[in-house]
Amino acid sequence: MTAQPLLERYRDLLAEPDERFPITLGEGGTPLLHARRLGDELGLDRLFLKFEGTNPTGSFKDRGMVLAVNRAAASGARAVVCASTGNTSASAAAYAAAAGLPCHVVLPAGKVARGKLSQAVAAGARLVMVDGSFDDALGAVRRLGEEGVAAVVNSINPDRLAGQQTAAFEIVDALGESPEAVALPVGNAGNITALWAGFVRYAEAGVTPGGRRPRMLGFQAEGAAPIVNDAPVERPETAATAIRIGNPASWSGAVAARDESGGSIEALTDAEILEMQLRILRSEGLFCEPASAAGVAGVERLAREERLHRSEGVVCILTGHGLKDPDVVAGEEGTLTPVDSDLASIRRAMGL
Ligand SMILES: *Cc1c(COP(=O)(O)O)cnc(C)c1O
């Protein structure tokens, strides 16, 4: 065991007295990198990227899942259940495995991101596909929870959001102060709700110097922008599958985070999001999910329109790892044709 487990590090703010957290996969403690090259391009001297892709299952979901599954196991749950086609199922399956509990995933028919489900399947989760929407799947899962059949680990479980606050604590700890702004993608809106709660909590606990808090900048995809348009979207569509949500579970939390922090929630096109995904990788070497790039693409716009200023400290949350969803990245390998293996031919092919 190397670093102190996440829940132990922040147990003053998260744990009940004498509560034990035996299950950990080494979540949290993710890098906060000063993005100098990308910052130069965007006109921001203090642009930081928090890379949540280094979490055990490759997304920030692990921060809340570790708390939810520890508590489910401690309370004698016989199984965990979630509705998901993506990172929630990957995280739930991994932590359930570590707890020795079966994990059931309910997913809507025809809306399956196969690549993302592979983690859950490989971890031994049992999948049930329903002929219905994500909302139908979540409704069924809610009922199973109410009946006491299994512990629900979707973000309607308050332990999920409580654990996700730790990203805010880590940001303040790493910078030694609150940044001026924090940007992130908004799907079910649990994370923007949790991060804002975390910044408020840290300030009120007297940890954040000056009691300062950042403006919360949330970004949705144009085809899935219910909060921006102030209306649910029946058939949300975007290549950024992690934020393809038409009726966010934490809608009011996101609106409160935006308004209380003096921030904003705006929409971006898929083209803007996918272009920024490559730009982050090519300028900074970090490969994040399409959804993760939405926060940075939004910051690019705000900086261009001088709604963010050069000297302001801005943290973008790169919510998940790019390897989760490799198919959306247009590669060059498909067009390769072999050349002769002599050095001259290879040199010529390289253009050197
Ligand atoms: C879950 C997820 C999101 C969306 O977070 P919400 O809390 O649903 O708003 C964004 N990016 C990635 C990679 C995710 O896994």
# chains A, B, ... in the order shown; residues from 1 in each chain; ligands from 1
>>> residues_near_ligand(ligand="ligand 1", cutoff="6 Å", atoms="only C-alpha atoms and all ligand atoms", output="list in words")
Ser59, Asn87, Pro185, Val186, Gly187, Asn188, Ala189, Gly190, Asn191, Ala242, Ile243, Glu289, Ala291, Ser292, Thr319 and Gly320 of chain A
>>> select_by_dssp(residues="stretch 54-113 of chain A", states="alpha helix (DSSP H)", output="PyMOL selection string")
chain A and resi 61-74+87-99
>>> write_last_selection(atoms="C-alpha atoms", output="PDB file, in the first residue's frame")
ATOM      1  CA  LYS A  61     -16.935   7.661 -10.981  1.00  0.00           C
ATOM      2  CA  ASP A  62     -14.576   5.667  -8.724  1.00  0.00           C
ATOM      3  CA  ARG A  63     -14.462   8.534  -6.171  1.00  0.00           C
ATOM      4  CA  GLY A  64     -18.104   8.089  -5.275  1.00  0.00           C
ATOM      5  CA  MET A  65     -18.357   4.370  -5.995  1.00  0.00           C
ATOM      6  CA  VAL A  66     -15.759   3.544  -3.339  1.00  0.00           C
ATOM      7  CA  LEU A  67     -17.917   5.186  -0.663  1.00  0.00           C
ATOM      8  CA  ALA A  68     -21.205   3.782  -1.992  1.00  0.00           C
ATOM      9  CA  VAL A  69     -19.915   0.186  -2.170  1.00  0.00           C
ATOM     10  CA  ASN A  70     -18.137   0.322   1.212  1.00  0.00           C
ATOM     11  CA  ARG A  71     -21.411   1.447   2.782  1.00  0.00           C
ATOM     12  CA  ALA A  72     -23.491  -1.079   0.842  1.00  0.00           C
ATOM     13  CA  ALA A  73     -21.213  -3.891   2.033  1.00  0.00           C
ATOM     14  CA  ALA A  74     -21.191  -2.610   5.632  1.00  0.00           C
ATOM     15  CA  ASN A  87     -18.524   4.402 -16.735  1.00  0.00           C
ATOM     16  CA  THR A  88     -20.901   3.867 -13.824  1.00  0.00           C
ATOM     17  CA  SER A  89     -21.234   0.177 -14.702  1.00  0.00           C
ATOM     18  CA  ALA A  90     -17.461  -0.213 -15.109  1.00  0.00           C
ATOM     19  CA  SER A  91     -16.871   1.333 -11.699  1.00  0.00           C
ATOM     20  CA  ALA A  92     -19.732  -0.469  -9.945  1.00  0.00           C
ATOM     21  CA  ALA A  93     -18.605  -3.840 -11.303  1.00  0.00           C
ATOM     22  CA  ALA A  94     -15.011  -3.339 -10.158  1.00  0.00           C
ATOM     23  CA  TYR A  95     -15.846  -2.215  -6.621  1.00  0.00           C
ATOM     24  CA  ALA A  96     -18.540  -4.875  -6.243  1.00  0.00           C
ATOM     25  CA  ALA A  97     -15.966  -7.500  -7.264  1.00  0.00           C
ATOM     26  CA  ALA A  98     -13.550  -6.185  -4.639  1.00  0.00           C
ATOM     27  CA  ALA A  99     -16.350  -6.351  -2.049  1.00  0.00           C
TER      28      ALA A  99
END
>>> residues_around(residues="A:Gly58", least_positions_apart="3", cutoff="6 Å", atoms="only C-alpha atoms", output="list in words")
Gly53, Thr54, Asn55, Gly320 and His321 of chain A
>>> atom_distance(atom1="atom CA of A:Leu323", atom2="atom CA of A:Ala125")
20.4 Å
>>> residues_around(residues="stretch 223-225 of chain A", least_positions_apart="2", cutoff="10 Å", atoms="only C-alpha atoms", output="PyMOL selection string")
chain A and resi 186-187+219-221+227-241+243-248+265-270
>>> residues_around(residues="A:Ala197", least_positions_apart="5", cutoff="10 Å", atoms="only C-alpha atoms", output="CSV table (one decimal) with N, CA and C atoms, in the first residue's frame")
chain,number,residue,atom,x,y,z
A,161,LEU,N,-22.3,11.2,-4.6
A,161,LEU,CA,-22.0,12.6,-4.7
A,161,LEU,C,-21.1,13.0,-3.6
A,162,ALA,N,-21.3,12.4,-2.4
A,162,ALA,CA,-20.4,12.7,-1.2
A,162,ALA,C,-19.0,12.4,-1.6
A,164,GLN,N,-17.6,12.1,-4.6
A,164,GLN,CA,-17.1,12.9,-5.7
A,164,GLN,C,-16.7,14.3,-5.3
A,165,GLN,N,-17.1,14.7,-4.1
A,165,GLN,CA,-16.6,16.0,-3.6
A,165,GLN,C,-15.1,16.0,-3.4
A,166,THR,N,-14.5,14.9,-3.3
A,166,THR,CA,-13.0,14.8,-3.0
A,166,THR,C,-12.2,15.4,-4.2
A,168,ALA,N,-12.8,18.2,-5.5
A,168,ALA,CA,-12.7,19.6,-5.2
A,168,ALA,C,-11.6,19.8,-4.1
A,191,ASN,N,-21.8,15.4,-11.0
A,191,ASN,CA,-20.5,15.8,-10.7
A,191,ASN,C,-20.4,17.3,-10.5
A,192,ILE,N,-21.1,18.1,-11.3
A,192,ILE,CA,-21.0,19.6,-11.0
A,192,ILE,C,-21.6,19.9,-9.7
A,202,TYR,N,-15.3,22.8,1.8
A,202,TYR,CA,-13.9,23.1,2.2
A,202,TYR,C,-13.7,24.5,2.6
A,203,ALA,N,-14.4,25.4,2.0
A,203,ALA,CA,-14.4,26.8,2.4
A,203,ALA,C,-15.0,27.0,3.8
A,253,GLY,N,-29.5,20.6,-8.8
A,253,GLY,CA,-28.2,20.8,-8.2
A,253,GLY,C,-27.2,21.5,-9.1
A,257,ALA,N,-25.6,25.1,-8.5
A,257,ALA,CA,-24.1,25.3,-8.6
A,257,ALA,C,-23.8,26.5,-9.5
>>> residues_around(residues="A:Lys50", least_positions_apart="3", cutoff="8 Å", atoms="only C-alpha atoms", output="mmCIF file with all heavy atoms, in the first residue's frame")
data_model
loop_
_atom_site.group_PDB
_atom_site.id
_atom_site.type_symbol
_atom_site.label_atom_id
_atom_site.label_comp_id
_atom_site.auth_asym_id
_atom_site.auth_seq_id
_atom_site.Cartn_x
_atom_site.Cartn_y
_atom_site.Cartn_z
ATOM 1 N N THR A 30 -5.498 12.035 -8.260
ATOM 2 C CA THR A 30 -5.218 12.167 -9.693
ATOM 3 C C THR A 30 -4.382 13.413 -9.965
ATOM 4 O O THR A 30 -4.436 14.378 -9.199
ATOM 5 C CB THR A 30 -6.532 12.257 -10.494
ATOM 6 O OG1 THR A 30 -7.284 13.372 -10.019
ATOM 7 C CG2 THR A 30 -7.355 10.984 -10.347
ATOM 8 N N PRO A 31 -3.591 13.414 -11.040
ATOM 9 C CA PRO A 31 -2.693 14.548 -11.286
ATOM 10 C C PRO A 31 -3.434 15.819 -11.692
ATOM 11 O O PRO A 31 -4.441 15.765 -12.398
ATOM 12 C CB PRO A 31 -1.809 14.048 -12.437
ATOM 13 C CG PRO A 31 -2.533 12.911 -13.052
ATOM 14 C CD PRO A 31 -3.414 12.316 -12.000
ATOM 15 N N LEU A 32 -2.922 16.944 -11.208
ATOM 16 C CA LEU A 32 -3.389 18.266 -11.641
ATOM 17 C C LEU A 32 -2.213 18.902 -12.364
ATOM 18 O O LEU A 32 -1.210 19.246 -11.738
ATOM 19 C CB LEU A 32 -3.807 19.104 -10.437
ATOM 20 C CG LEU A 32 -4.382 20.481 -10.773
ATOM 21 C CD1 LEU A 32 -5.753 20.340 -11.432
ATOM 22 C CD2 LEU A 32 -4.512 21.332 -9.518
ATOM 23 N N LEU A 33 -2.315 18.999 -13.683
ATOM 24 C CA LEU A 33 -1.168 19.412 -14.493
ATOM 25 C C LEU A 33 -1.337 20.829 -15.017
ATOM 26 O O LEU A 33 -2.420 21.200 -15.483
ATOM 27 C CB LEU A 33 -1.012 18.439 -15.673
ATOM 28 C CG LEU A 33 -0.804 16.990 -15.236
ATOM 29 C CD1 LEU A 33 -1.097 16.018 -16.371
ATOM 30 C CD2 LEU A 33 0.615 16.791 -14.721
ATOM 31 N N VAL A 315 -9.329 25.448 -13.757
ATOM 32 C CA VAL A 315 -9.108 23.994 -13.715
ATOM 33 C C VAL A 315 -10.184 23.321 -14.560
ATOM 34 O O VAL A 315 -11.379 23.533 -14.347
ATOM 35 C CB VAL A 315 -9.180 23.458 -12.265
ATOM 36 C CG1 VAL A 315 -9.112 21.928 -12.264
ATOM 37 C CG2 VAL A 315 -8.061 24.043 -11.414
ATOM 38 N N CYS A 316 -9.750 22.517 -15.531
ATOM 39 C CA CYS A 316 -10.680 21.707 -16.322
ATOM 40 C C CYS A 316 -10.591 20.258 -15.839
ATOM 41 O O CYS A 316 -9.494 19.703 -15.727
ATOM 42 C CB CYS A 316 -10.314 21.740 -17.807
ATOM 43 S SG CYS A 316 -10.421 23.384 -18.525
ATOM 44 N N ILE A 317 -11.748 19.659 -15.584
ATOM 45 C CA ILE A 317 -11.775 18.262 -15.143
ATOM 46 C C ILE A 317 -11.847 17.373 -16.387
ATOM 47 O O ILE A 317 -12.841 17.399 -17.119
ATOM 48 C CB ILE A 317 -13.012 17.963 -14.263
ATOM 49 C CG1 ILE A 317 -13.232 19.046 -13.200
ATOM 50 C CG2 ILE A 317 -12.901 16.570 -13.645
ATOM 51 C CD1 ILE A 317 -12.267 19.046 -12.068
ATOM 52 N N LEU A 318 -10.772 16.604 -16.609
ATOM 53 C CA LEU A 318 -10.802 15.601 -17.688
ATOM 54 C C LEU A 318 -11.366 14.328 -17.053
ATOM 55 O O LEU A 318 -10.655 13.557 -16.414
ATOM 56 C CB LEU A 318 -9.409 15.373 -18.263
ATOM 57 C CG LEU A 318 -8.725 16.612 -18.866
ATOM 58 C CD1 LEU A 318 -7.393 16.219 -19.504
ATOM 59 C CD2 LEU A 318 -9.613 17.320 -19.867
#
>>> residues_around(residues="A:Ile280", least_positions_apart="3", cutoff="12 Å", atoms="only C-alpha atoms", output="PyMOL selection string")
chain A and resi 33+35-39+41-42+47-49+51+273-277+283-290+292-297+300+316+318+322
>>> select_by_dssp(residues="stretch 281-344 of chain A", states="strand (DSSP E or B)", output="list in words")
Cys288, Gly313, Val314, Val315, Cys316, Ile317, Leu318, Gly320 and His321 of chain A
>>> write_last_selection(atoms="all heavy atoms", output="PDB file, in the first residue's frame")
ATOM      1  N   CYS A 288      -8.107  11.980 -23.244  1.00  0.00           N
ATOM      2  CA  CYS A 288      -9.342  11.925 -22.451  1.00  0.00           C
ATOM      3  C   CYS A 288     -10.515  11.529 -23.335  1.00  0.00           C
ATOM      4  O   CYS A 288     -10.423  11.536 -24.557  1.00  0.00           O
ATOM      5  CB  CYS A 288      -9.608  13.266 -21.776  1.00  0.00           C
ATOM      6  SG  CYS A 288      -9.996  14.609 -22.924  1.00  0.00           S
ATOM      7  N   GLY A 313      -6.973  31.610 -12.640  1.00  0.00           N
ATOM      8  CA  GLY A 313      -6.681  30.180 -12.520  1.00  0.00           C
ATOM      9  C   GLY A 313      -7.909  29.375 -12.914  1.00  0.00           C
ATOM     10  O   GLY A 313      -8.974  29.552 -12.341  1.00  0.00           O
ATOM     11  N   VAL A 314      -7.748  28.510 -13.925  1.00  0.00           N
ATOM     12  CA  VAL A 314      -8.868  27.729 -14.436  1.00  0.00           C
ATOM     13  C   VAL A 314      -8.494  26.245 -14.387  1.00  0.00           C
ATOM     14  O   VAL A 314      -7.453  25.849 -14.922  1.00  0.00           O
ATOM     15  CB  VAL A 314      -9.206  28.114 -15.896  1.00  0.00           C
ATOM     16  CG1 VAL A 314     -10.417  27.329 -16.388  1.00  0.00           C
ATOM     17  CG2 VAL A 314      -9.442  29.616 -16.022  1.00  0.00           C
ATOM     18  N   VAL A 315      -9.329  25.448 -13.757  1.00  0.00           N
ATOM     19  CA  VAL A 315      -9.108  23.994 -13.715  1.00  0.00           C
ATOM     20  C   VAL A 315     -10.184  23.321 -14.560  1.00  0.00           C
ATOM     21  O   VAL A 315     -11.379  23.533 -14.347  1.00  0.00           O
ATOM     22  CB  VAL A 315      -9.180  23.458 -12.265  1.00  0.00           C
ATOM     23  CG1 VAL A 315      -9.112  21.928 -12.264  1.00  0.00           C
ATOM     24  CG2 VAL A 315      -8.061  24.043 -11.414  1.00  0.00           C
ATOM     25  N   CYS A 316      -9.750  22.517 -15.531  1.00  0.00           N
ATOM     26  CA  CYS A 316     -10.680  21.707 -16.322  1.00  0.00           C
ATOM     27  C   CYS A 316     -10.591  20.258 -15.839  1.00  0.00           C
ATOM     28  O   CYS A 316      -9.494  19.703 -15.727  1.00  0.00           O
ATOM     29  CB  CYS A 316     -10.314  21.740 -17.807  1.00  0.00           C
ATOM     30  SG  CYS A 316     -10.421  23.384 -18.525  1.00  0.00           S
ATOM     31  N   ILE A 317     -11.748  19.659 -15.584  1.00  0.00           N
ATOM     32  CA  ILE A 317     -11.775  18.262 -15.143  1.00  0.00           C
ATOM     33  C   ILE A 317     -11.847  17.373 -16.387  1.00  0.00           C
ATOM     34  O   ILE A 317     -12.841  17.399 -17.119  1.00  0.00           O
ATOM     35  CB  ILE A 317     -13.012  17.963 -14.263  1.00  0.00           C
ATOM     36  CG1 ILE A 317     -13.232  19.046 -13.200  1.00  0.00           C
ATOM     37  CG2 ILE A 317     -12.901  16.570 -13.645  1.00  0.00           C
ATOM     38  CD1 ILE A 317     -12.267  19.046 -12.068  1.00  0.00           C
ATOM     39  N   LEU A 318     -10.772  16.604 -16.609  1.00  0.00           N
ATOM     40  CA  LEU A 318     -10.802  15.601 -17.688  1.00  0.00           C
ATOM     41  C   LEU A 318     -11.366  14.328 -17.053  1.00  0.00           C
ATOM     42  O   LEU A 318     -10.655  13.557 -16.414  1.00  0.00           O
ATOM     43  CB  LEU A 318      -9.409  15.373 -18.263  1.00  0.00           C
ATOM     44  CG  LEU A 318      -8.725  16.612 -18.866  1.00  0.00           C
ATOM     45  CD1 LEU A 318      -7.393  16.219 -19.504  1.00  0.00           C
ATOM     46  CD2 LEU A 318      -9.613  17.320 -19.867  1.00  0.00           C
ATOM     47  N   GLY A 320     -12.679  11.375 -17.846  1.00  0.00           N
ATOM     48  CA  GLY A 320     -12.440   9.956 -18.120  1.00  0.00           C
ATOM     49  C   GLY A 320     -11.345   9.747 -19.164  1.00  0.00           C
ATOM     50  O   GLY A 320     -10.953  10.674 -19.881  1.00  0.00           O
ATOM     51  N   HIS A 321     -10.886   8.510 -19.265  1.00  0.00           N
ATOM     52  CA  HIS A 321      -9.766   8.157 -20.139  1.00  0.00           C
ATOM     53  C   HIS A 321     -10.206   7.962 -21.592  1.00  0.00           C
ATOM     54  O   HIS A 321     -11.255   7.368 -21.843  1.00  0.00           O
ATOM     55  CB  HIS A 321      -9.113   6.864 -19.629  1.00  0.00           C
ATOM     56  CG  HIS A 321      -7.692   6.724 -20.060  1.00  0.00           C
ATOM     57  ND1 HIS A 321      -7.341   6.534 -21.374  1.00  0.00           N
ATOM     58  CD2 HIS A 321      -6.546   6.782 -19.365  1.00  0.00           C
ATOM     59  CE1 HIS A 321      -6.021   6.472 -21.463  1.00  0.00           C
ATOM     60  NE2 HIS A 321      -5.519   6.616 -20.253  1.00  0.00           N
TER      61      HIS A 321
END
>>> closest_residue(among="A:Ile171, A:Ala79, A:Ala137, A:Cys103", to="A:Ala122", atoms="only C-alpha atoms")
A:Cys103
>>> closest_residue(among="A:Val106, A:Ala151, A:Leu13, A:Val121", to="A:Val80", atoms="only C-alpha atoms")
A:Ala151
>>> closest_residue(among="A:Glu306, A:Asp12, A:Glu19, A:Asp136", to="A:Phe169", atoms="only C-alpha atoms")
A:Asp12
>>> closest_residue(among="A:Val200, A:Ala167, A:Ala181, A:Ile156", to="A:Ala303", atoms="only C-alpha atoms")
A:Ala181
